[in-house]
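Working notes, structure below.
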Amino acid sequence: MAIPLPSPLRLPDLDFEAMTAEEVIAWAHRFFWPRVCLTCSWQKQSSVLVHMVAELGLRMDTVELDTHLFFRESYETRDQLVDRYQLKLIQPEIPTIAEQHRADGPNLWERDPDRCCHIRKVEPLVNALAPYDAWISGIRRDQSPSRSDTPKVQWSERYQVFKIHPLADWDEQRIWSYVNESDIPYNPLHDAGYRSIGCIPCTRPTRPDEEERAGRWAGSDKLECGIHENAKLERTA
Ligand code: SF4
């Protein structure tokens, strides 16, 4: 069924749900290139997607939201993937930690993590996506209840792009099977119990009996950084 969307671009009448991850990526590249990009946070989904794009013989801009608060292992994984797949990295400007401390006081992530994510992730992503019509992201339905209804393709009012989720119907086991069978570099923190990996102050290891993203903002009711919300953006002062 065609998705009715407020975009000048009209999508073809395709059954995205029935398409494989590779088919979704190939279609997105065909339909949107060069105005399509991939975002990577250097978790296991990033490893799968950059490998898949390369296996398909495609090139795609790779947007990294470097909050300056990633783990050393995440930066090392990025460097390995960039080197192996010759990724063209797009790195939007993000305030330094010192600038944030001056503007909002020290350790904003402890006092107001929503504002911290807004400044360090959401607003930079809005700017980074401006040149594109489509954004490919690695989020999956089984990561958490807040992602359980993730469609494979949707319109984002916030970013004014089509949001593409080729791995929406993959589970964690399938991700690992693909990574291992294809021998793809991956973030070694996953082997240390970090099933989901973000910024250092807001990430802890996750037990096997917990939800995959339970180690993110643990001890608070915050579930998401906000970049995957599609409502129009309230700009910060
Ligand atoms: Fe700030 Fe934590 Fe969000 Fe990173 S995950 S941007 S440190 S609140």
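Chain labels follow the order of the structure tokens: the first chain is A, the next B, and so on; residue numbering restarts at 1 in every chain, and ligands are counted from 1 in their shown order.
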
Name each residue within 9 Å of ligand 1, counting only C-alpha atoms and all ligand atoms, as JSON, numbers by chain.
{"A": [67, 68, 69, 70, 107, 108, 109, 110, 111, 112, 113, 114, 115, 116, 117, 118, 119, 120, 121, 122, 198, 199, 200, 201, 202, 203, 216, 217, 224, 225, 226]}

Please save N, CA and C atoms of the selected residues as a PDB file, in the first residue's frame.
ATOM      1  N   THR A  67      29.182  12.658  19.924  1.00  0.00           N
ATOM      2  CA  THR A  67      28.834  13.521  21.062  1.00  0.00           C
ATOM      3  C   THR A  67      30.055  13.930  21.872  1.00  0.00           C
ATOM      4  N   HIS A  68      31.223  13.468  21.480  1.00  0.00           N
ATOM      5  CA  HIS A  68      32.478  13.678  22.228  1.00  0.00           C
ATOM      6  C   HIS A  68      32.469  12.903  23.544  1.00  0.00           C
ATOM      7  N   LEU A  69      31.497  12.032  23.703  1.00  0.00           N
ATOM      8  CA  LEU A  69      31.386  11.272  24.949  1.00  0.00           C
ATOM      9  C   LEU A  69      31.289   9.777  24.669  1.00  0.00           C
ATOM     10  N   PHE A  70      31.759   9.372  23.497  1.00  0.00           N
ATOM     11  CA  PHE A  70      31.747   7.937  23.178  1.00  0.00           C
ATOM     12  C   PHE A  70      32.866   7.217  23.927  1.00  0.00           C
ATOM     13  N   ASN A 107      28.204  18.741  33.646  1.00  0.00           N
ATOM     14  CA  ASN A 107      27.521  17.441  33.644  1.00  0.00           C
ATOM     15  C   ASN A 107      26.012  17.558  33.435  1.00  0.00           C
ATOM     16  N   LEU A 108      25.649  18.214  32.357  1.00  0.00           N
ATOM     17  CA  LEU A 108      24.220  18.399  32.055  1.00  0.00           C
ATOM     18  C   LEU A 108      23.501  17.054  31.977  1.00  0.00           C
ATOM     19  N   TRP A 109      24.214  16.014  31.522  1.00  0.00           N
ATOM     20  CA  TRP A 109      23.591  14.697  31.381  1.00  0.00           C
ATOM     21  C   TRP A 109      23.067  14.160  32.703  1.00  0.00           C
ATOM     22  N   GLU A 110      23.618  14.625  33.820  1.00  0.00           N
ATOM     23  CA  GLU A 110      23.130  14.166  35.122  1.00  0.00           C
ATOM     24  C   GLU A 110      21.879  14.930  35.542  1.00  0.00           C
ATOM     25  N   ARG A 111      21.781  16.185  35.127  1.00  0.00           N
ATOM     26  CA  ARG A 111      20.681  17.037  35.594  1.00  0.00           C
ATOM     27  C   ARG A 111      19.524  17.082  34.618  1.00  0.00           C
ATOM     28  N   ASP A 112      19.819  17.054  33.341  1.00  0.00           N
ATOM     29  CA  ASP A 112      18.772  17.189  32.323  1.00  0.00           C
ATOM     30  C   ASP A 112      19.204  16.429  31.064  1.00  0.00           C
ATOM     31  N   PRO A 113      19.136  15.090  31.124  1.00  0.00           N
ATOM     32  CA  PRO A 113      19.625  14.323  29.971  1.00  0.00           C
ATOM     33  C   PRO A 113      18.832  14.584  28.698  1.00  0.00           C
ATOM     34  N   ASP A 114      17.560  14.938  28.816  1.00  0.00           N
ATOM     35  CA  ASP A 114      16.797  15.235  27.598  1.00  0.00           C
ATOM     36  C   ASP A 114      17.393  16.454  26.886  1.00  0.00           C
ATOM     37  N   ARG A 115      17.726  17.472  27.644  1.00  0.00           N
ATOM     38  CA  ARG A 115      18.323  18.667  27.017  1.00  0.00           C
ATOM     39  C   ARG A 115      19.715  18.338  26.478  1.00  0.00           C
ATOM     40  N   CYS A 116      20.451  17.542  27.230  1.00  0.00           N
ATOM     41  CA  CYS A 116      21.794  17.172  26.772  1.00  0.00           C
ATOM     42  C   CYS A 116      21.704  16.421  25.438  1.00  0.00           C
ATOM     43  N   CYS A 117      20.802  15.444  25.337  1.00  0.00           N
ATOM     44  CA  CYS A 117      20.628  14.702  24.074  1.00  0.00           C
ATOM     45  C   CYS A 117      20.142  15.633  22.964  1.00  0.00           C
ATOM     46  N   HIS A 118      19.302  16.566  23.336  1.00  0.00           N
ATOM     47  CA  HIS A 118      18.783  17.501  22.335  1.00  0.00           C
ATOM     48  C   HIS A 118      19.931  18.315  21.724  1.00  0.00           C
ATOM     49  N   ILE A 119      20.801  18.812  22.596  1.00  0.00           N
ATOM     50  CA  ILE A 119      21.906  19.650  22.127  1.00  0.00           C
ATOM     51  C   ILE A 119      22.943  18.824  21.366  1.00  0.00           C
ATOM     52  N   ARG A 120      23.239  17.642  21.866  1.00  0.00           N
ATOM     53  CA  ARG A 120      24.371  16.875  21.343  1.00  0.00           C
ATOM     54  C   ARG A 120      23.970  15.887  20.251  1.00  0.00           C
ATOM     55  N   LYS A 121      22.665  15.601  20.139  1.00  0.00           N
ATOM     56  CA  LYS A 121      22.255  14.618  19.136  1.00  0.00           C
ATOM     57  C   LYS A 121      21.169  15.149  18.197  1.00  0.00           C
ATOM     58  N   VAL A 122      20.048  15.595  18.780  1.00  0.00           N
ATOM     59  CA  VAL A 122      18.890  15.913  17.941  1.00  0.00           C
ATOM     60  C   VAL A 122      19.170  17.107  17.026  1.00  0.00           C
ATOM     61  N   GLY A 198      25.991   3.791  24.065  1.00  0.00           N
ATOM     62  CA  GLY A 198      25.853   5.201  23.717  1.00  0.00           C
ATOM     63  C   GLY A 198      26.990   5.988  24.322  1.00  0.00           C
ATOM     64  N   CYS A 199      26.658   7.097  24.997  1.00  0.00           N
ATOM     65  CA  CYS A 199      27.679   7.922  25.634  1.00  0.00           C
ATOM     66  C   CYS A 199      28.115   7.293  26.957  1.00  0.00           C
ATOM     67  N   ILE A 200      29.364   7.537  27.337  1.00  0.00           N
ATOM     68  CA  ILE A 200      29.910   6.941  28.561  1.00  0.00           C
ATOM     69  C   ILE A 200      29.053   7.233  29.798  1.00  0.00           C
ATOM     70  N   PRO A 201      28.645   8.502  30.038  1.00  0.00           N
ATOM     71  CA  PRO A 201      27.942   8.758  31.308  1.00  0.00           C
ATOM     72  C   PRO A 201      26.564   8.089  31.377  1.00  0.00           C
ATOM     73  N   CYS A 202      26.018   7.675  30.251  1.00  0.00           N
ATOM     74  CA  CYS A 202      24.631   7.206  30.218  1.00  0.00           C
ATOM     75  C   CYS A 202      24.524   5.749  29.778  1.00  0.00           C
ATOM     76  N   THR A 203      25.600   5.002  29.876  1.00  0.00           N
ATOM     77  CA  THR A 203      25.576   3.606  29.414  1.00  0.00           C
ATOM     78  C   THR A 203      26.214   2.698  30.461  1.00  0.00           C
ATOM     79  N   ARG A 216      20.870   1.842  29.047  1.00  0.00           N
ATOM     80  CA  ARG A 216      20.920   3.241  28.610  1.00  0.00           C
ATOM     81  C   ARG A 216      20.081   4.081  29.577  1.00  0.00           C
ATOM     82  N   TRP A 217      20.649   5.126  30.122  1.00  0.00           N
ATOM     83  CA  TRP A 217      19.995   5.999  31.112  1.00  0.00           C
ATOM     84  C   TRP A 217      19.388   5.158  32.243  1.00  0.00           C
ATOM     85  N   GLU A 224      14.833   6.883  25.308  1.00  0.00           N
ATOM     86  CA  GLU A 224      15.348   7.218  23.987  1.00  0.00           C
ATOM     87  C   GLU A 224      16.070   8.562  24.053  1.00  0.00           C
ATOM     88  N   CYS A 225      17.026   8.753  23.144  1.00  0.00           N
ATOM     89  CA  CYS A 225      17.726  10.042  23.112  1.00  0.00           C
ATOM     90  C   CYS A 225      16.885  11.103  22.414  1.00  0.00           C
ATOM     91  N   GLY A 226      15.929  10.667  21.617  1.00  0.00           N
ATOM     92  CA  GLY A 226      15.050  11.625  20.947  1.00  0.00           C
ATOM     93  C   GLY A 226      15.280  11.727  19.451  1.00  0.00           C
TER      94      GLY A 226
END

Using only C-alpha atoms, which residues sit within 7 Å of segment 181-187 of chain A once same-chain residues fewer than 2 positions away are excluded, as a PyMOL selection string?
chain A and resi 42-44+47+73-74+77+80-81+177-179+189-190

Save out the residues we just selected, C-alpha atoms, as a PDB file, in the first residue's frame.
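Heads up, here's the output in selection_25.pdb:
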ATOM      1  CA  TRP A  42      29.272   2.128  15.965  1.00  0.00           C
ATOM      2  CA  GLN A  43      27.123  -0.524  17.582  1.00  0.00           C
ATOM      3  CA  LYS A  44      26.524  -3.924  16.000  1.00  0.00           C
ATOM      4  CA  SER A  47      28.633  -3.012  11.429  1.00  0.00           C
ATOM      5  CA  GLU A  73      36.130   1.257  21.845  1.00  0.00           C
ATOM      6  CA  SER A  74      33.418   2.992  19.817  1.00  0.00           C
ATOM      7  CA  THR A  77      35.372   0.515  15.888  1.00  0.00           C
ATOM      8  CA  GLN A  80      38.213   0.134  11.673  1.00  0.00           C
ATOM      9  CA  LEU A  81      34.963   0.355   9.716  1.00  0.00           C
ATOM     10  CA  SER A 177      24.834 -14.371  13.111  1.00  0.00           C
ATOM     11  CA  TYR A 178      25.339 -11.906  10.262  1.00  0.00           C
ATOM     12  CA  VAL A 179      28.291 -10.186  11.966  1.00  0.00           C
ATOM     13  CA  LEU A 189      32.143  -3.538  24.306  1.00  0.00           C
ATOM     14  CA  HIS A 190      29.368  -5.877  23.190  1.00  0.00           C
TER      15      HIS A 190
END

Would you work out the distance separating atom CA of Phe31 of chain A from atom CA of Glu93 of chain A, expressed in Å to one decimal?
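Going from atom CA of Phe31 of chain A over to atom CA of Glu93 of chain A, I get 28.2 Å.
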
Please list as a list in words every residue within 7 Å of Gln154 of chain A, counting only C-alpha atoms and excluding residues in the same chain fewer than 6 positions away.
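Everything that qualifies: Phe162, Lys163 and Ile164 of chain A.
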
For Asn127 of chain A, find every residue with an atom within 9 Å (counting only C-alpha atoms), except residues of its own chain fewer than 3 positions away, and show them as a VMD selection string.
chain A and resid 92 to 93 122 to 124 130 to 131 159

Identify, with DSSP run on backbone atoms, the residues in segment 56-236 of chain A assigned to strand (DSSP E or B), and express the list as a ChimeraX atom specification.
/A:61-64,70,89-90,134-136,153-156,161-164,199,203,216
